Amino acid sequence: MKGLLIKDFKLLKNQGKFLFIIFIMANIFLFFESGSSGFIASYMTFVFSMFALNTLSYDSYDNGMPFLLSLPITRKTYVTEKYIFSLFLSISSWLVSILLRLIFLTIQTSLKENVILLYADPIYLILSIVSLSIAIPIHLKYGQEKGHIIFFGILGAIFLTIFTAIRVGLNTHLLHNLINRMMHHTGRTIILLCIICISIFAISYILSLRIMKRKEF
């Protein structure tokens with residue numbers, strides 16, 4: 001697994017210019033438009049974590065998977081490494097984005113106000129991990145091109161379903177009460193979301209193992 005991690009970090013290094021540009025743009029937006037810091041933090045977390053999917057494409061390029069599996073690497077080790085690598089990218093990019101956001105907001109407002117704003121930041125990490133949990137099995141099953149289409153199709157269907165339910169089928173008074181209760185119990189809400197996120201991540205890992213074991217190269 002150590003060799004696979006080194007390989008993926010080398011691939012990450014090769015994409016350094018692109019990731020560095022995103023990092024610089026995020027800092028510029030934070031400097032001139034600190035009010036959108038929440039969006040910048042979520043965007044950085046999502047983009048950096050999604051790089052794990054690019055490594056799947058690089059591994060498959062030019063018949064690379066049969067070569068990788070000819071090495072002393074099992075399919076389970078390969079899948080485990082991808083999940084560890086994607087988790088590392090998600091957490092590290094999330095921590096960096098929070099640090100940047102905190103620095104820029106502290107320059108303009110008080111530290112107490114910033115701590116309150118940062119309460120919602122764990123949701124960005126949770127959404128990023130859930131997105132990866134959906135995307136990795138799909139990309140392993142269908143490949144990079146079809147995987148992207150199916151993944152974004154699923155995300156679009158989820159958001160459309162939520163939007164439609166809110167507009168036509170959901171009691172708005174009940175929705176407001178639910179949101180208010182979640183806001184008043186932020187700690188419990190985040191713990192519940194973390195449990196759901198971990199469960200989805202574990203299910204995704206099991207599905208990816210099954211897909212990888214049955215896949216022919």
# chains A, B, ... in the order shown; residues from 1 in each chain; ligands from 1

call {"tool": "residues_around", "arguments": {"residues": "Ser208 in chain A", "least_positions_apart": "2", "cutoff": "10 Å", "atoms": "only C-alpha atoms", "output": "number ranges by chain"}}
result
A: 75-76, 79-80, 83, 133, 136-141, 202-206, 210-214

call {"tool": "write_last_selection", "arguments": {"atoms": "N, CA and C atoms", "output": "PDB file, in the first residue's frame"}}
result
ATOM      1  N   ARG A  75      -6.284  -6.677  -5.016  1.00  0.00           N
ATOM      2  CA  ARG A  75      -7.379  -5.767  -5.356  1.00  0.00           C
ATOM      3  C   ARG A  75      -7.919  -5.065  -4.101  1.00  0.00           C
ATOM      4  N   LYS A  76      -7.940  -5.788  -2.998  1.00  0.00           N
ATOM      5  CA  LYS A  76      -8.387  -5.179  -1.758  1.00  0.00           C
ATOM      6  C   LYS A  76      -7.444  -4.062  -1.320  1.00  0.00           C
ATOM      7  N   VAL A  79      -8.129  -0.931  -3.480  1.00  0.00           N
ATOM      8  CA  VAL A  79      -9.336  -0.206  -3.079  1.00  0.00           C
ATOM      9  C   VAL A  79      -9.121   0.508  -1.746  1.00  0.00           C
ATOM     10  N   THR A  80      -8.497  -0.158  -0.799  1.00  0.00           N
ATOM     11  CA  THR A  80      -8.243   0.440   0.508  1.00  0.00           C
ATOM     12  C   THR A  80      -7.377   1.686   0.380  1.00  0.00           C
ATOM     13  N   TYR A  83      -9.361   4.725  -0.873  1.00  0.00           N
ATOM     14  CA  TYR A  83     -10.209   5.337   0.143  1.00  0.00           C
ATOM     15  C   TYR A  83      -9.380   6.104   1.170  1.00  0.00           C
ATOM     16  N   SER A 133     -17.844   8.888  -1.673  1.00  0.00           N
ATOM     17  CA  SER A 133     -18.394   7.551  -1.404  1.00  0.00           C
ATOM     18  C   SER A 133     -19.323   7.101  -2.520  1.00  0.00           C
ATOM     19  N   ILE A 136     -16.658   6.895  -6.137  1.00  0.00           N
ATOM     20  CA  ILE A 136     -15.614   5.874  -6.304  1.00  0.00           C
ATOM     21  C   ILE A 136     -16.163   4.547  -6.821  1.00  0.00           C
ATOM     22  N   PRO A 137     -17.226   3.974  -6.230  1.00  0.00           N
ATOM     23  CA  PRO A 137     -17.751   2.715  -6.794  1.00  0.00           C
ATOM     24  C   PRO A 137     -18.231   2.861  -8.228  1.00  0.00           C
ATOM     25  N   ILE A 138     -18.829   4.015  -8.539  1.00  0.00           N
ATOM     26  CA  ILE A 138     -19.317   4.248  -9.902  1.00  0.00           C
ATOM     27  C   ILE A 138     -18.158   4.287 -10.891  1.00  0.00           C
ATOM     28  N   HIS A 139     -17.082   4.965 -10.527  1.00  0.00           N
ATOM     29  CA  HIS A 139     -15.920   5.059 -11.420  1.00  0.00           C
ATOM     30  C   HIS A 139     -15.209   3.718 -11.553  1.00  0.00           C
ATOM     31  N   LEU A 140     -15.171   2.948 -10.499  1.00  0.00           N
ATOM     32  CA  LEU A 140     -14.577   1.615 -10.599  1.00  0.00           C
ATOM     33  C   LEU A 140     -15.405   0.708 -11.508  1.00  0.00           C
ATOM     34  N   LYS A 141     -16.714   0.881 -11.453  1.00  0.00           N
ATOM     35  CA  LYS A 141     -17.615   0.020 -12.226  1.00  0.00           C
ATOM     36  C   LYS A 141     -17.668   0.419 -13.692  1.00  0.00           C
ATOM     37  N   ALA A 202     -18.519   3.451   4.696  1.00  0.00           N
ATOM     38  CA  ALA A 202     -18.265   2.021   4.900  1.00  0.00           C
ATOM     39  C   ALA A 202     -18.993   1.181   3.855  1.00  0.00           C
ATOM     40  N   ILE A 203     -20.243   1.537   3.565  1.00  0.00           N
ATOM     41  CA  ILE A 203     -21.006   0.811   2.540  1.00  0.00           C
ATOM     42  C   ILE A 203     -20.342   0.969   1.174  1.00  0.00           C
ATOM     43  N   SER A 204     -19.881   2.185   0.886  1.00  0.00           N
ATOM     44  CA  SER A 204     -19.202   2.443  -0.380  1.00  0.00           C
ATOM     45  C   SER A 204     -17.935   1.592  -0.511  1.00  0.00           C
ATOM     46  N   TYR A 205     -17.190   1.475   0.589  1.00  0.00           N
ATOM     47  CA  TYR A 205     -15.960   0.674   0.580  1.00  0.00           C
ATOM     48  C   TYR A 205     -16.269  -0.790   0.288  1.00  0.00           C
ATOM     49  N   ILE A 206     -17.313  -1.317   0.907  1.00  0.00           N
ATOM     50  CA  ILE A 206     -17.698  -2.721   0.681  1.00  0.00           C
ATOM     51  C   ILE A 206     -18.134  -2.932  -0.766  1.00  0.00           C
ATOM     52  N   ARG A 210     -16.327  -5.363  -3.770  1.00  0.00           N
ATOM     53  CA  ARG A 210     -17.052  -6.351  -4.572  1.00  0.00           C
ATOM     54  C   ARG A 210     -16.891  -6.068  -6.060  1.00  0.00           C
ATOM     55  N   ILE A 211     -16.976  -4.797  -6.417  1.00  0.00           N
ATOM     56  CA  ILE A 211     -16.830  -4.429  -7.835  1.00  0.00           C
ATOM     57  C   ILE A 211     -15.429  -4.770  -8.323  1.00  0.00           C
ATOM     58  N   MET A 212     -14.421  -4.447  -7.525  1.00  0.00           N
ATOM     59  CA  MET A 212     -13.038  -4.680  -7.921  1.00  0.00           C
ATOM     60  C   MET A 212     -12.730  -6.173  -8.040  1.00  0.00           C
ATOM     61  N   LYS A 213     -13.289  -6.975  -7.136  1.00  0.00           N
ATOM     62  CA  LYS A 213     -13.020  -8.413  -7.169  1.00  0.00           C
ATOM     63  C   LYS A 213     -13.636  -9.070  -8.391  1.00  0.00           C
ATOM     64  N   ARG A 214     -14.767  -8.545  -8.867  1.00  0.00           N
ATOM     65  CA  ARG A 214     -15.456  -9.136 -10.009  1.00  0.00           C
ATOM     66  C   ARG A 214     -15.018  -8.554 -11.352  1.00  0.00           C
TER      67      ARG A 214
END

call {"tool": "residues_around", "arguments": {"residues": "range 88-91 of chain A", "least_positions_apart": "4", "cutoff": "7 Å", "atoms": "only C-alpha atoms", "output": "MDAnalysis selection string"}}
result
chainID A and resid 45 48:49 84 95 125 128:129

call {"tool": "atom_distance", "arguments": {"atom1": "CA of Ser92 in chain A", "atom2": "CA of Tyr61 in chain A"}}
result
27.0 Å

call {"tool": "atom_distance", "arguments": {"atom1": "CA of Ile6 in chain A", "atom2": "CA of Lys146 in chain A"}}
result
27.4 Å

call {"tool": "closest_residue", "arguments": {"among": "A:Tyr58, A:Phe9, A:Tyr43, A:Phe51", "to": "Ala26 in chain A", "atoms": "only C-alpha atoms"}}
result
A:Tyr43

call {"tool": "closest_residue", "arguments": {"among": "A:Tyr142, A:Leu68, A:Ile28, A:Phe85", "to": "Phe104 in chain A", "atoms": "only C-alpha atoms"}}
result
A:Ile28

call {"tool": "closest_residue", "arguments": {"among": "A:Ile196, A:Leu160, A:Ile73, A:Ile22", "to": "Val130 in chain A", "atoms": "only C-alpha atoms"}}
result
A:Ile196

call {"tool": "residues_around", "arguments": {"residues": "Cys197 in chain A", "least_positions_apart": "2", "cutoff": "8 Å", "atoms": "only C-alpha atoms", "output": "PyMOL selection string"}}
result
chain A and resi 126+129-130+193-195+199-201

call {"tool": "write_last_selection", "arguments": {"atoms": "C-alpha atoms", "output": "PDB file, in the first residue's frame"}}
result
ATOM      1  CA  ILE A 126     -19.245  15.516   5.269  1.00  0.00           C
ATOM      2  CA  ILE A 129     -16.797  12.453   1.792  1.00  0.00           C
ATOM      3  CA  VAL A 130     -20.345  11.434   0.851  1.00  0.00           C
ATOM      4  CA  LEU A 193     -24.462  13.639  10.126  1.00  0.00           C
ATOM      5  CA  CYS A 194     -21.037  12.182  10.959  1.00  0.00           C
ATOM      6  CA  ILE A 195     -22.606   8.819  11.795  1.00  0.00           C
ATOM      7  CA  SER A 199     -22.019   4.549   7.383  1.00  0.00           C
ATOM      8  CA  ILE A 200     -22.187   5.654   3.733  1.00  0.00           C
ATOM      9  CA  PHE A 201     -18.379   5.578   3.512  1.00  0.00           C
TER      10      PHE A 201
END

call {"tool": "closest_residue", "arguments": {"among": "A:Thr161, A:Ala41, A:Leu102, A:Asn14", "to": "Asn54 in chain A", "atoms": "only C-alpha atoms"}}
result
A:Asn14
